[in-house]
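Next comes coords_36.txt, a file with compact mmCIF, C-alpha atoms and all ligand atoms.
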# COMPACT_ATOMS: atom_id res chain seq x y z
CA MET A 1 0.00 0.00 0.00
CA ASP A 2 1.17 3.52 -0.80
CA THR A 3 1.26 5.35 2.52
CA ALA A 4 1.20 8.73 0.72
CA THR A 5 -2.25 7.99 -0.71
CA PRO A 6 -4.84 10.19 1.02
CA VAL A 7 -7.76 8.32 2.54
CA GLU A 8 -11.08 9.31 1.03
CA THR A 9 -14.15 9.06 3.23
CA LEU A 10 -16.16 6.02 2.21
CA ARG A 11 -19.73 5.09 2.99
CA VAL A 12 -20.95 1.52 3.25
CA PRO A 13 -24.74 1.19 3.43
CA ILE A 14 -26.47 -1.35 5.65
CA LYS A 15 -29.74 -2.07 3.87
CA LEU A 16 -32.44 -3.03 6.38
CA GLY A 17 -35.55 -1.19 5.18
CA ASP A 18 -36.60 1.46 7.70
CA ARG A 19 -33.63 0.48 9.91
CA SER A 20 -31.06 1.19 7.16
CA TYR A 21 -27.99 3.30 7.94
CA ASP A 22 -24.52 4.16 6.67
CA ILE A 23 -21.08 3.31 7.96
CA HIS A 24 -18.71 6.26 7.42
CA ILE A 25 -15.05 5.23 7.10
CA GLY A 26 -12.16 7.69 6.88
CA CYS A 27 -9.71 9.95 8.68
CA GLY A 28 -10.61 13.03 10.71
CA LEU A 29 -14.27 12.06 10.92
CA LEU A 30 -14.67 12.93 14.60
CA GLY A 31 -14.10 16.61 13.81
CA ASP A 32 -16.02 16.62 10.52
CA ALA A 33 -19.52 18.10 10.69
CA ALA A 34 -20.59 15.81 7.83
CA SER A 35 -20.24 12.85 10.18
CA TRP A 36 -23.13 14.08 12.33
CA ALA A 37 -25.32 15.82 9.74
CA GLY A 38 -28.82 14.42 9.46
CA LEU A 39 -28.77 12.50 12.75
CA PRO A 40 -31.55 13.03 15.32
CA ALA A 41 -30.58 16.05 17.40
CA SER A 42 -33.57 17.68 19.03
CA SER A 43 -33.06 16.52 22.62
CA ASP A 44 -30.13 15.47 24.84
CA ALA A 45 -27.03 13.51 23.92
CA LEU A 46 -25.37 11.04 26.27
CA ILE A 47 -21.82 10.04 25.32
CA VAL A 48 -21.27 6.57 26.75
CA SER A 49 -17.56 5.82 26.95
CA ASN A 50 -15.10 4.33 29.41
CA THR A 51 -12.36 5.57 31.69
CA THR A 52 -9.66 4.95 29.05
CA VAL A 53 -11.31 6.32 25.92
CA ALA A 54 -13.23 9.27 27.42
CA PRO A 55 -10.09 11.26 28.37
CA LEU A 56 -8.77 10.76 24.82
CA TYR A 57 -11.79 11.61 22.69
CA ALA A 58 -14.96 12.51 24.62
CA ALA A 59 -14.26 16.26 24.73
CA ARG A 60 -13.76 16.35 20.94
CA LEU A 61 -17.00 14.49 20.36
CA ALA A 62 -18.84 16.67 22.88
CA ALA A 63 -17.62 19.79 21.05
CA GLN A 64 -19.07 18.45 17.79
CA LEU A 65 -22.42 17.66 19.40
CA ALA A 66 -22.71 20.85 21.45
CA GLY A 67 -24.56 22.87 18.82
CA ARG A 68 -26.84 20.00 17.89
CA HIS A 69 -28.26 18.87 21.23
CA ARG A 70 -29.98 20.61 24.15
CA ARG A 71 -27.45 19.11 26.57
CA VAL A 72 -24.41 16.91 25.96
CA LEU A 73 -23.99 14.57 28.94
CA GLN A 74 -21.21 12.07 29.44
CA ILE A 75 -20.65 8.86 31.37
CA ALA A 76 -17.34 6.98 31.60
CA LEU A 77 -17.87 3.34 32.53
CA PRO A 78 -15.18 1.19 34.12
CA ASP A 79 -12.98 -0.32 31.40
CA GLY A 80 -12.93 -4.00 30.53
CA GLU A 81 -14.84 -7.09 29.49
CA ALA A 82 -15.27 -7.93 33.18
CA PHE A 83 -17.54 -4.85 33.46
CA LYS A 84 -19.79 -5.79 30.52
CA ASP A 85 -22.44 -6.75 33.03
CA ALA A 86 -25.82 -5.82 34.45
CA ALA A 87 -24.36 -3.72 37.27
CA THR A 88 -22.37 -1.50 34.88
CA LEU A 89 -25.29 -1.26 32.46
CA GLY A 90 -27.37 -0.01 35.39
CA LEU A 91 -25.03 2.99 35.70
CA VAL A 92 -26.18 4.17 32.25
CA TYR A 93 -29.87 3.98 33.22
CA ASP A 94 -29.10 5.70 36.54
CA ARG A 95 -27.50 8.58 34.66
CA LEU A 96 -30.29 8.87 32.07
CA LEU A 97 -33.00 8.88 34.73
CA ALA A 98 -31.17 11.10 37.21
CA ASP A 99 -30.72 13.70 34.45
CA GLY A 100 -34.33 13.45 33.28
CA CYS A 101 -33.43 12.32 29.76
CA ASP A 102 -36.47 11.81 27.54
CA ARG A 103 -37.19 9.27 24.79
CA LYS A 104 -35.59 11.49 22.11
CA THR A 105 -32.21 11.36 23.85
CA VAL A 106 -29.46 10.06 21.55
CA LEU A 107 -26.78 7.75 22.96
CA TYR A 108 -23.31 7.95 21.40
CA ALA A 109 -21.20 4.82 21.99
CA LEU A 110 -17.60 6.04 22.06
CA GLY A 111 -15.32 3.08 22.60
CA GLY A 112 -14.57 -0.49 21.62
CA GLY A 113 -16.93 -3.41 21.40
CA VAL A 114 -17.60 -3.51 25.14
CA VAL A 115 -18.85 0.08 25.24
CA GLY A 116 -20.68 -0.34 21.91
CA ASP A 117 -22.49 -3.50 22.99
CA MET A 118 -23.49 -1.99 26.34
CA ALA A 119 -24.51 1.44 25.03
CA GLY A 120 -26.49 -0.23 22.24
CA PHE A 121 -28.31 -2.46 24.72
CA ALA A 122 -29.00 0.54 26.97
CA ALA A 123 -30.42 2.39 23.94
CA ALA A 124 -32.58 -0.62 23.05
CA CYS A 125 -34.11 -0.71 26.54
CA TYR A 126 -34.25 2.89 27.79
CA MET A 127 -37.88 3.99 27.48
CA ARG A 128 -38.27 0.96 25.14
CA GLY A 129 -35.78 2.37 22.66
CA VAL A 130 -33.90 5.59 21.95
CA PRO A 131 -31.62 6.32 18.96
CA PHE A 132 -27.92 5.56 19.20
CA VAL A 133 -24.81 6.20 17.14
CA GLN A 134 -21.74 3.99 17.13
CA VAL A 135 -18.36 5.74 17.24
CA PRO A 136 -16.07 2.69 17.39
CA THR A 137 -12.54 3.34 18.62
CA THR A 138 -10.98 -0.13 18.24
CA LEU A 139 -10.26 -1.96 15.00
CA LEU A 140 -12.42 -4.84 16.21
CA ALA A 141 -15.35 -2.52 16.77
CA GLN A 142 -14.85 -0.79 13.39
CA VAL A 143 -14.83 -4.04 11.41
CA ASP A 144 -17.40 -5.99 13.38
CA SER A 145 -19.08 -5.13 16.65
CA SER A 146 -20.39 -1.64 15.81
CA VAL A 147 -22.10 -2.94 12.67
CA GLY A 148 -25.22 -5.05 12.47
CA GLY A 149 -27.13 -4.28 15.64
CA LYS A 150 -26.10 -7.04 18.03
CA THR A 151 -26.06 -5.54 21.52
CA ALA A 152 -25.54 -7.42 24.77
CA ILE A 153 -24.04 -7.81 28.19
CA ASN A 154 -22.40 -10.93 29.62
CA HIS A 155 -23.83 -13.21 32.29
CA PRO A 156 -21.44 -15.06 34.62
CA LEU A 157 -22.65 -18.27 32.96
CA GLY A 158 -22.25 -17.16 29.36
CA LYS A 159 -20.95 -14.44 27.08
CA ASN A 160 -23.38 -11.98 25.43
CA MET A 161 -26.32 -13.98 26.80
CA ILE A 162 -28.51 -11.00 27.67
CA GLY A 163 -29.08 -8.70 24.72
CA ALA A 164 -31.14 -7.41 21.82
CA PHE A 165 -30.94 -6.77 18.10
CA TYR A 166 -31.02 -2.99 17.86
CA GLN A 167 -29.56 -1.06 14.94
CA PRO A 168 -27.65 2.22 15.31
CA ALA A 169 -28.60 5.32 13.35
CA ARG A 170 -25.05 5.55 11.96
CA VAL A 171 -21.55 4.16 12.47
CA ILE A 172 -18.59 6.56 12.32
CA CYS A 173 -15.27 4.73 11.82
CA ASP A 174 -12.58 7.39 12.26
CA LEU A 175 -9.32 5.60 11.47
CA ASP A 176 -7.33 8.29 13.28
CA LEU A 177 -8.75 7.07 16.59
CA LEU A 178 -6.80 3.84 16.11
CA ASP A 179 -3.49 5.72 16.54
CA THR A 180 -3.76 5.41 20.34
CA LEU A 181 -4.86 1.78 20.33
CA PRO A 182 -2.41 -0.57 22.11
CA GLU A 183 -0.67 -3.03 19.74
CA ARG A 184 -2.30 -6.05 21.42
CA GLU A 185 -5.76 -4.57 20.79
CA LEU A 186 -4.93 -3.88 17.12
CA SER A 187 -3.92 -7.53 16.76
CA ALA A 188 -7.18 -8.64 18.37
CA GLY A 189 -9.07 -6.56 15.79
CA LEU A 190 -7.08 -8.17 12.99
CA ALA A 191 -8.55 -11.55 14.00
CA GLU A 192 -12.01 -10.29 13.01
CA VAL A 193 -10.61 -8.88 9.74
CA ILE A 194 -8.94 -12.22 8.92
CA LYS A 195 -12.25 -13.99 9.65
CA TYR A 196 -13.92 -12.48 6.58
CA GLY A 197 -11.43 -14.11 4.19
CA PRO A 198 -12.12 -17.81 4.81
CA ILE A 199 -15.88 -17.33 5.25
CA ALA A 200 -16.55 -15.04 2.29
CA ASP A 201 -13.71 -13.72 0.16
CA PRO A 202 -10.54 -15.66 -0.80
CA ALA A 203 -9.13 -12.61 -2.63
CA PHE A 204 -9.47 -10.55 0.57
CA PHE A 205 -7.70 -13.37 2.45
CA ASP A 206 -4.80 -13.07 -0.05
CA TRP A 207 -4.84 -9.28 0.36
CA ILE A 208 -4.64 -9.52 4.17
CA GLU A 209 -1.66 -11.88 3.89
CA ALA A 210 0.08 -9.40 1.59
CA ASN A 211 -0.72 -6.38 3.78
CA ILE A 212 -0.57 -7.72 7.33
CA ASP A 213 2.61 -5.77 8.15
CA ALA A 214 1.08 -2.50 6.88
CA LEU A 215 -2.04 -3.17 8.93
CA ARG A 216 0.01 -3.80 12.08
CA ALA A 217 1.88 -0.55 11.38
CA CYS A 218 -1.50 1.28 11.33
CA ASP A 219 -1.02 2.33 7.68
CA LYS A 220 -4.18 4.34 6.96
CA PRO A 221 -4.87 3.33 3.34
CA ALA A 222 -4.41 -0.33 4.33
CA LEU A 223 -6.69 0.10 7.34
CA ALA A 224 -9.28 1.92 5.20
CA HIS A 225 -9.38 -1.01 2.77
CA ALA A 226 -9.56 -3.59 5.57
CA VAL A 227 -12.38 -1.75 7.38
CA ARG A 228 -14.30 -1.12 4.15
CA ARG A 229 -14.09 -4.69 2.84
CA SER A 230 -14.92 -6.14 6.28
CA CYS A 231 -17.94 -3.84 6.61
CA GLU A 232 -19.08 -4.63 3.04
CA ILE A 233 -19.04 -8.35 3.75
CA LYS A 234 -20.80 -7.88 7.08
CA ALA A 235 -23.37 -5.58 5.43
CA GLU A 236 -24.10 -8.21 2.80
CA VAL A 237 -24.64 -10.92 5.42
CA VAL A 238 -26.65 -8.79 7.85
CA GLY A 239 -28.76 -7.43 4.97
CA GLN A 240 -29.85 -11.00 4.23
CA ASP A 241 -30.24 -12.25 7.79
CA GLU A 242 -30.47 -9.46 10.37
CA ARG A 243 -31.62 -11.64 13.29
CA GLU A 244 -29.42 -14.68 12.65
CA GLY A 245 -32.06 -17.06 11.40
CA GLY A 246 -29.29 -18.87 9.50
CA LEU A 247 -26.65 -17.20 7.32
CA ARG A 248 -25.49 -14.60 9.87
CA ALA A 249 -24.08 -17.37 12.05
CA ILE A 250 -21.13 -17.65 9.62
CA LEU A 251 -19.83 -14.39 11.13
CA ASN A 252 -19.15 -16.47 14.22
CA PHE A 253 -16.34 -18.45 12.56
CA GLY A 254 -13.88 -19.26 15.37
CA HIS A 255 -16.28 -18.02 18.05
CA THR A 256 -17.53 -21.39 19.37
CA PHE A 257 -14.03 -22.40 20.48
CA GLY A 258 -13.20 -18.73 21.16
CA HIS A 259 -16.12 -18.04 23.51
CA ALA A 260 -15.24 -21.21 25.44
CA ILE A 261 -11.69 -19.86 25.90
CA GLU A 262 -12.98 -16.46 27.04
CA THR A 263 -15.58 -17.80 29.45
CA GLY A 264 -13.44 -20.72 30.61
CA LEU A 265 -10.52 -18.48 31.61
CA GLY A 266 -12.70 -15.71 33.01
CA TYR A 267 -13.61 -12.60 31.02
CA GLY A 268 -10.66 -10.37 30.26
CA GLN A 269 -7.83 -12.95 30.44
CA TRP A 270 -7.65 -13.43 26.68
CA LEU A 271 -8.97 -10.61 24.52
CA HIS A 272 -12.06 -11.49 22.47
CA GLY A 273 -10.11 -11.19 19.20
CA GLU A 274 -7.28 -13.35 20.55
CA ALA A 275 -9.75 -16.09 21.45
CA VAL A 276 -11.38 -15.78 18.01
CA GLY A 277 -7.99 -16.06 16.25
CA CYS A 278 -7.14 -19.29 18.06
CA GLY A 279 -10.74 -20.48 17.62
CA MET A 280 -10.52 -19.94 13.84
CA VAL A 281 -7.44 -22.16 13.62
CA MET A 282 -9.31 -24.86 15.60
CA ALA A 283 -12.48 -24.51 13.49
CA ALA A 284 -10.39 -24.72 10.30
CA ASP A 285 -8.80 -27.91 11.61
CA LEU A 286 -12.24 -29.34 12.42
CA SER A 287 -13.37 -28.44 8.89
CA ALA A 288 -10.33 -30.25 7.46
CA ARG A 289 -10.87 -33.35 9.64
CA LEU A 290 -14.49 -33.47 8.41
CA GLY A 291 -13.23 -33.38 4.82
CA LEU A 292 -14.82 -30.00 4.13
CA ALA A 293 -11.71 -27.82 3.82
CA ASP A 294 -8.24 -28.34 2.47
CA ALA A 295 -5.85 -29.29 5.31
CA ALA A 296 -3.48 -26.58 4.05
CA LEU A 297 -5.90 -23.96 5.41
CA VAL A 298 -4.85 -24.81 8.98
CA PRO A 299 -1.13 -23.88 8.73
CA ARG A 300 -2.07 -20.95 6.47
CA LEU A 301 -4.42 -19.49 9.09
CA GLN A 302 -1.98 -20.31 11.87
CA ALA A 303 0.81 -18.45 10.08
CA LEU A 304 -1.37 -15.42 9.36
CA CYS A 305 -2.66 -15.25 12.95
CA ARG A 306 0.93 -15.48 14.23
CA ARG A 307 1.98 -12.65 11.89
CA ALA A 308 -0.98 -10.65 13.16
CA GLY A 309 0.38 -11.03 16.69
CA LEU A 310 -2.28 -13.49 17.86
CA PRO A 311 -1.87 -16.58 20.04
CA VAL A 312 -2.60 -19.84 18.18
CA GLN A 313 -2.38 -22.36 21.01
CA ALA A 314 -5.43 -22.73 23.23
CA PRO A 315 -5.10 -22.60 27.02
CA ALA A 316 -5.35 -25.86 28.97
CA LEU A 317 -8.96 -26.49 30.06
CA PRO A 318 -10.40 -29.91 30.97
CA LEU A 319 -12.17 -31.48 27.98
CA ALA A 320 -15.45 -31.70 29.91
CA ARG A 321 -15.24 -27.96 30.57
CA TRP A 322 -14.64 -27.22 26.87
CA MET A 323 -17.66 -29.28 25.89
CA ALA A 324 -19.92 -27.80 28.57
CA LEU A 325 -18.93 -24.27 27.59
CA MET A 326 -19.47 -24.92 23.87
CA ARG A 327 -22.85 -26.55 24.55
CA GLY A 328 -23.86 -23.22 26.08
CA ASP A 329 -23.07 -21.39 22.80
CA LYS A 330 -26.06 -19.58 21.28
CA LYS A 331 -25.74 -21.67 18.09
CA SER A 332 -26.31 -24.92 20.03
CA GLU A 333 -29.61 -26.65 19.43
CA ALA A 334 -31.09 -29.21 21.86
CA GLY A 335 -27.71 -29.50 23.58
CA GLU A 336 -25.89 -30.21 20.29
CA ILE A 337 -22.91 -27.96 19.57
CA ARG A 338 -22.98 -26.43 16.08
CA PHE A 339 -19.75 -25.11 14.58
CA VAL A 340 -19.09 -22.62 11.81
CA LEU A 341 -16.98 -24.61 9.37
CA ILE A 342 -15.22 -23.76 6.13
CA GLU A 343 -16.45 -25.68 3.12
CA GLY A 344 -13.95 -24.64 0.47
CA LEU A 345 -12.20 -21.30 0.90
CA GLY A 346 -14.70 -18.41 0.86
CA HIS A 347 -17.71 -20.45 1.92
CA ALA A 348 -18.89 -21.33 5.43
CA LEU A 349 -21.66 -23.49 6.85
CA VAL A 350 -22.96 -24.31 10.32
CA ARG A 351 -23.24 -27.92 11.46
CA PRO A 352 -22.55 -30.29 14.35
CA ALA A 353 -19.44 -32.48 14.54
CA PRO A 354 -18.72 -35.77 16.31
CA ASP A 355 -17.44 -35.24 19.88
CA ALA A 356 -14.38 -37.43 19.19
CA LEU A 357 -13.26 -35.16 16.34
CA VAL A 358 -13.82 -32.05 18.45
CA ALA A 359 -11.77 -33.62 21.26
CA ALA A 360 -8.98 -34.41 18.79
CA VAL A 361 -8.93 -30.80 17.61
CA ILE A 362 -8.79 -29.50 21.18
CA ALA A 363 -5.92 -31.86 22.01
CA ALA A 364 -4.02 -30.88 18.86
CA HIS A 365 -4.22 -27.15 19.61
CA THR A 366 -3.85 -27.00 23.39
CA ALA A 367 -0.65 -25.76 24.96
CA PRO A 368 0.90 -28.25 27.39
CA ALA A 369 -0.25 -27.45 30.97
P1 LIG B 1 -12.82 -3.31 24.26
O1 LIG B 1 -14.07 -2.61 24.02
O2 LIG B 1 -12.60 -3.90 25.61
O3 LIG B 1 -11.61 -2.35 23.93
C1 LIG B 1 -10.31 -2.82 24.08
C2 LIG B 1 -9.43 -1.93 24.98
O4 LIG B 1 -8.97 -0.85 24.19
C3 LIG B 1 -10.15 -1.35 26.16
O5 LIG B 1 -9.26 -1.28 27.25
C4 LIG B 1 -10.48 0.06 25.68
O6 LIG B 1 -10.63 0.98 26.73
C5 LIG B 1 -9.27 0.38 24.85
N1 LIG B 1 -9.48 1.34 23.78
C6 LIG B 1 -10.55 1.40 22.95
N2 LIG B 1 -10.32 2.30 22.00
C7 LIG B 1 -9.11 2.84 22.24
C8 LIG B 1 -8.34 3.81 21.59
N3 LIG B 1 -8.75 4.38 20.45
N4 LIG B 1 -7.17 4.15 22.13
C9 LIG B 1 -6.71 3.53 23.26
N5 LIG B 1 -7.39 2.57 23.90
C10 LIG B 1 -8.57 2.24 23.38
O7 LIG B 1 -12.62 -4.53 23.23
P2 LIG B 1 -13.01 -4.72 21.68
O8 LIG B 1 -12.04 -5.71 21.18
O9 LIG B 1 -13.18 -3.45 20.97
O10 LIG B 1 -14.45 -5.39 21.75
C11 LIG B 1 -14.63 -6.66 22.31
C12 LIG B 1 -16.09 -6.80 22.66
O11 LIG B 1 -16.87 -6.72 21.47
C13 LIG B 1 -16.44 -8.11 23.30
O12 LIG B 1 -17.25 -7.87 24.41
C14 LIG B 1 -17.20 -8.85 22.23
O13 LIG B 1 -18.15 -9.75 22.76
C15 LIG B 1 -17.85 -7.73 21.49
N6 LIG B 1 -18.22 -8.05 20.11
C16 LIG B 1 -19.47 -7.75 19.72
C17 LIG B 1 -19.85 -7.99 18.42
C18 LIG B 1 -21.22 -7.59 17.95
O14 LIG B 1 -21.60 -7.95 16.83
N7 LIG B 1 -21.96 -6.83 18.72
C19 LIG B 1 -18.94 -8.53 17.51
C20 LIG B 1 -17.66 -8.82 17.94
C21 LIG B 1 -17.30 -8.56 19.25
N1 LIG B 2 -20.09 -10.66 15.21
C1 LIG B 2 -21.09 -11.57 14.74
C2 LIG B 2 -22.32 -10.90 14.27
O1 LIG B 2 -22.42 -9.71 14.25
O2 LIG B 2 -23.24 -11.57 13.90

Kindly return the structure encoded in the file as structure tokens.
Amino acid sequence: MDTATPVETLRVPIKLGDRSYDIHIGCGLLGDAASWAGLPASSDALIVSNTTVAPLYAARLAAQLAGRHRRVLQIALPDGEAFKDAATLGLVYDRLLADGCDRKTVLYALGGGVVGDMAGFAAACYMRGVPFVQVPTTLLAQVDSSVGGKTAINHPLGKNMIGAFYQPARVICDLDLLDTLPERELSAGLAEVIKYGPIADPAFFDWIEANIDALRACDKPALAHAVRRSCEIKAEVVGQDEREGGLRAILNFGHTFGHAIETGLGYGQWLHGEAVGCGMVMAADLSARLGLADAALVPRLQALCRRAGLPVQAPALPLARWMALMRGDKKSEAGEIRFVLIEGLGHALVRPAPDALVAAVIAAHTAPA
């Protein structure tokens, strides 16, 4: 990628009838009035952020919103997956009610996937639904979590188990906000970028392999392409299956193993994207053992995840724990675990697999205790 190439602002539409909206992707979007034009503005704004991101960007967002809303309120939630829970969500409702916010109040989710999922769920529930805007500040949130309307909090017994489908009014992906993102978080976001290759677009998979170093160096044209292509693929899938009746489940490639890692270790030990990266390698191996995918996909994904800075060996958990955790996955039906598997590069399907094969995959990819 030519780093001198200026990044044009792009718009990717999410076509969902009266719930349609645009994803804006570019540089300098936080300070660009065009980012906010046309959004609901008559009443209050509440910027929902966290204690890490708010000091970096909340004042700049508040300055943009000041002329558009009656009041611009802010709340900074404690930072971390461990706080994606009912108690922390309650803080948002406390603030909205204590400040007398009405049903035209607009919530602005300024943060990564944790803030976005929680602010979106708060918006879905407050007074039975108020508008919200996603301003994702991590790569993972820009390529995945801010798009498509899945909102949720965790329960101690399962990840994202309490939630709602609720679409934002707009998503603003300002690539400049990624400049302050820690390297480990950028790598975690790359896992969700890589995901789109095997499930939907072999040429994009090739492109990621060729540009992984530029992406890790936060090269803006490379990031713009990665965010755009990821959002286009997600838009296509969500446009066909908003509420995950079938097709949308392919976006969970790597997540069945990955969620078991996250929940099994305790939220926050492995980053979500790290668990997804390792989970994709395991799901690719399961696909190969079932004769669906070429076995060469496994070392190829492993190598790319390693180059992206992601762990590729799963932590040691007892097999019974793995199975119990995966049975609790939202894709499970009647206690049967269903995996997202690759059936030829660029195509995914969802199906169960024999326990013995799953156990073999876990054994093959687990680090020695
Ligand atoms: P995160 O929200 O925890 O953010 C990662 C860390 O980076 C946090 O410490 C955060 O404070 C910090 N941070 C965020 N932006 C920053 C910036 N610009 N500069 C410096 N620090 C910054 O994690 P995440 O990876 O963004 O999101 C993971 C969450 O997203 C998980 O809870 C996962 O379940 C959820 N998710 C949801 C969907 C969906 O469709 N709704 C999809 C994928 C993931
Ligand atoms: N991240 C999976 C989905 O949005 O469906």

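In this comparison, which uses all atoms listed in the file, the residue of A:Ala58, A:Ala363, A:Val193, A:Leu77 approaching ligand LIG 2 (chain B) most closely is A:Val193.
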
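For the atom pair formed by atom CA of A:Phe257 and atom O1 of ligand LIG 2 (chain B), the distance is 16.4 Å, given to one decimal.
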
*Polymer residues at most 7 Å from stretch 318-329 of chain A, only C-alpha atoms, same-chain spacing of 5 or more positions, as a ChimeraX atom specification*: /A:256-257,260,335-337

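Residues lying within 8 Å of A:Ser146, counting all atoms listed in the file and ignoring same-chain neighbours fewer than 4 positions away, are A:Gly113, A:Gly116, A:Asp117, A:Gln134, A:Val135, A:Pro136, A:Ala141, A:Gln142, A:Val171.
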
Find the nearest atom pair between each residue of stretch 174-213 of chain A and stretch 5-14 of chain A for residues within 12 Å, count all atoms listed in the file, give distances in Å to one decimal, sort rows by chain and ascending number, and present the table as CSV.
residue,atom,partner,partner_atom,distance
A:Asp174,CA,A:Thr9,CA,9.3
A:Leu175,CA,A:Val7,CA,9.5
A:Asp176,CA,A:Val7,CA,10.7

Once you count all atoms listed in the file, what closest atom pair and distance in Å to one decimal does each residue of chain A within 7 Å of ligand LIG 2 (chain B) have, with rows by chain and rising residue number, as JSON lines?
{"residue": "A:Asp144", "atom": "CA", "partner": "B:LIG2", "partner_atom": "N1", "distance": 5.7}
{"residue": "A:Ser145", "atom": "CA", "partner": "B:LIG2", "partner_atom": "N1", "distance": 5.8}
{"residue": "A:Val147", "atom": "CA", "partner": "B:LIG2", "partner_atom": "O1", "distance": 7.0}
{"residue": "A:Gly148", "atom": "CA", "partner": "B:LIG2", "partner_atom": "O1", "distance": 5.7}
{"residue": "A:Lys150", "atom": "CA", "partner": "B:LIG2", "partner_atom": "O1", "distance": 5.9}
{"residue": "A:Arg248", "atom": "CA", "partner": "B:LIG2", "partner_atom": "O2", "distance": 5.5}
{"residue": "A:Ala249", "atom": "CA", "partner": "B:LIG2", "partner_atom": "O2", "distance": 6.1}
{"residue": "A:Leu251", "atom": "CA", "partner": "B:LIG2", "partner_atom": "C1", "distance": 4.8}
{"residue": "A:Asn252", "atom": "CA", "partner": "B:LIG2", "partner_atom": "C1", "distance": 5.3}

Around ligand LIG 1 (chain B), at most 7 Å away and counting only C-alpha atoms and all ligand atoms, which residues are there? Put them as a PDB file with C-alpha atoms, keeping the file's coordinate frame, please.
ATOM      1  CA  ASN A  50     -15.100   4.330  29.410  1.00  0.00           C
ATOM      2  CA  THR A  51     -12.360   5.570  31.690  1.00  0.00           C
ATOM      3  CA  THR A  52      -9.660   4.950  29.050  1.00  0.00           C
ATOM      4  CA  VAL A  53     -11.310   6.320  25.920  1.00  0.00           C
ATOM      5  CA  ASP A  79     -12.980  -0.320  31.400  1.00  0.00           C
ATOM      6  CA  GLY A  80     -12.930  -4.000  30.530  1.00  0.00           C
ATOM      7  CA  GLU A  81     -14.840  -7.090  29.490  1.00  0.00           C
ATOM      8  CA  LYS A  84     -19.790  -5.790  30.520  1.00  0.00           C
ATOM      9  CA  GLY A 111     -15.320   3.080  22.600  1.00  0.00           C
ATOM     10  CA  GLY A 112     -14.570  -0.490  21.620  1.00  0.00           C
ATOM     11  CA  GLY A 113     -16.930  -3.410  21.400  1.00  0.00           C
ATOM     12  CA  VAL A 114     -17.600  -3.510  25.140  1.00  0.00           C
ATOM     13  CA  VAL A 115     -18.850   0.080  25.240  1.00  0.00           C
ATOM     14  CA  ASP A 117     -22.490  -3.500  22.990  1.00  0.00           C
ATOM     15  CA  THR A 137     -12.540   3.340  18.620  1.00  0.00           C
ATOM     16  CA  THR A 138     -10.980  -0.130  18.240  1.00  0.00           C
ATOM     17  CA  LEU A 139     -10.260  -1.960  15.000  1.00  0.00           C
ATOM     18  CA  LEU A 140     -12.420  -4.840  16.210  1.00  0.00           C
ATOM     19  CA  ALA A 141     -15.350  -2.520  16.770  1.00  0.00           C
ATOM     20  CA  ASP A 144     -17.400  -5.990  13.380  1.00  0.00           C
ATOM     21  CA  SER A 145     -19.080  -5.130  16.650  1.00  0.00           C
ATOM     22  CA  SER A 146     -20.390  -1.640  15.810  1.00  0.00           C
ATOM     23  CA  VAL A 147     -22.100  -2.940  12.670  1.00  0.00           C
ATOM     24  CA  GLY A 148     -25.220  -5.050  12.470  1.00  0.00           C
ATOM     25  CA  GLY A 149     -27.130  -4.280  15.640  1.00  0.00           C
ATOM     26  CA  LYS A 150     -26.100  -7.040  18.030  1.00  0.00           C
ATOM     27  CA  THR A 151     -26.060  -5.540  21.520  1.00  0.00           C
ATOM     28  CA  LYS A 159     -20.950 -14.440  27.080  1.00  0.00           C
ATOM     29  CA  ASN A 160     -23.380 -11.980  25.430  1.00  0.00           C
ATOM     30  CA  LEU A 177      -8.750   7.070  16.590  1.00  0.00           C
ATOM     31  CA  LEU A 178      -6.800   3.840  16.110  1.00  0.00           C
ATOM     32  CA  ASP A 179      -3.490   5.720  16.540  1.00  0.00           C
ATOM     33  CA  THR A 180      -3.760   5.410  20.340  1.00  0.00           C
ATOM     34  CA  LEU A 181      -4.860   1.780  20.330  1.00  0.00           C
ATOM     35  CA  PRO A 182      -2.410  -0.570  22.110  1.00  0.00           C
ATOM     36  CA  GLU A 185      -5.760  -4.570  20.790  1.00  0.00           C
ATOM     37  CA  ALA A 188      -7.180  -8.640  18.370  1.00  0.00           C
ATOM     38  CA  GLY A 189      -9.070  -6.560  15.790  1.00  0.00           C
ATOM     39  CA  LEU A 271      -8.970 -10.610  24.520  1.00  0.00           C
ATOM     40  CA  HIS A 272     -12.060 -11.490  22.470  1.00  0.00           C
ATOM     41  CA  GLY A 273     -10.110 -11.190  19.200  1.00  0.00           C
TER      42      GLY A 273
END

*May I ask which of the residues A:Ile233, A:Ala152, A:Cys305, A:Val143 is the closest one to A:Phe121, counting only C-alpha atoms?*
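Of A:Ile233, A:Ala152, A:Cys305, A:Val143, the one nearest A:Phe121 is A:Ala152, counting only C-alpha atoms.
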
*Point-to-point distance in Å for atom CA of A:Leu56 and atom CA of A:Val227*: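 The value is 21.8 Å.
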
*asked:* What's around A:Lys104 at 8 Å? Count only C-alpha atoms, leave out sequence neighbours fewer than 4 positions away in its own chain, and write the answer as number ranges by chain.
replied: A: 42-44, 130-131

*asked:* To one decimal place in Å, what is the distance between atom CA of A:Val298 and atom CA of A:Val340?
replied: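 Value for the atom CA of A:Val298-atom CA of A:Val340 distance: 14.7 Å.
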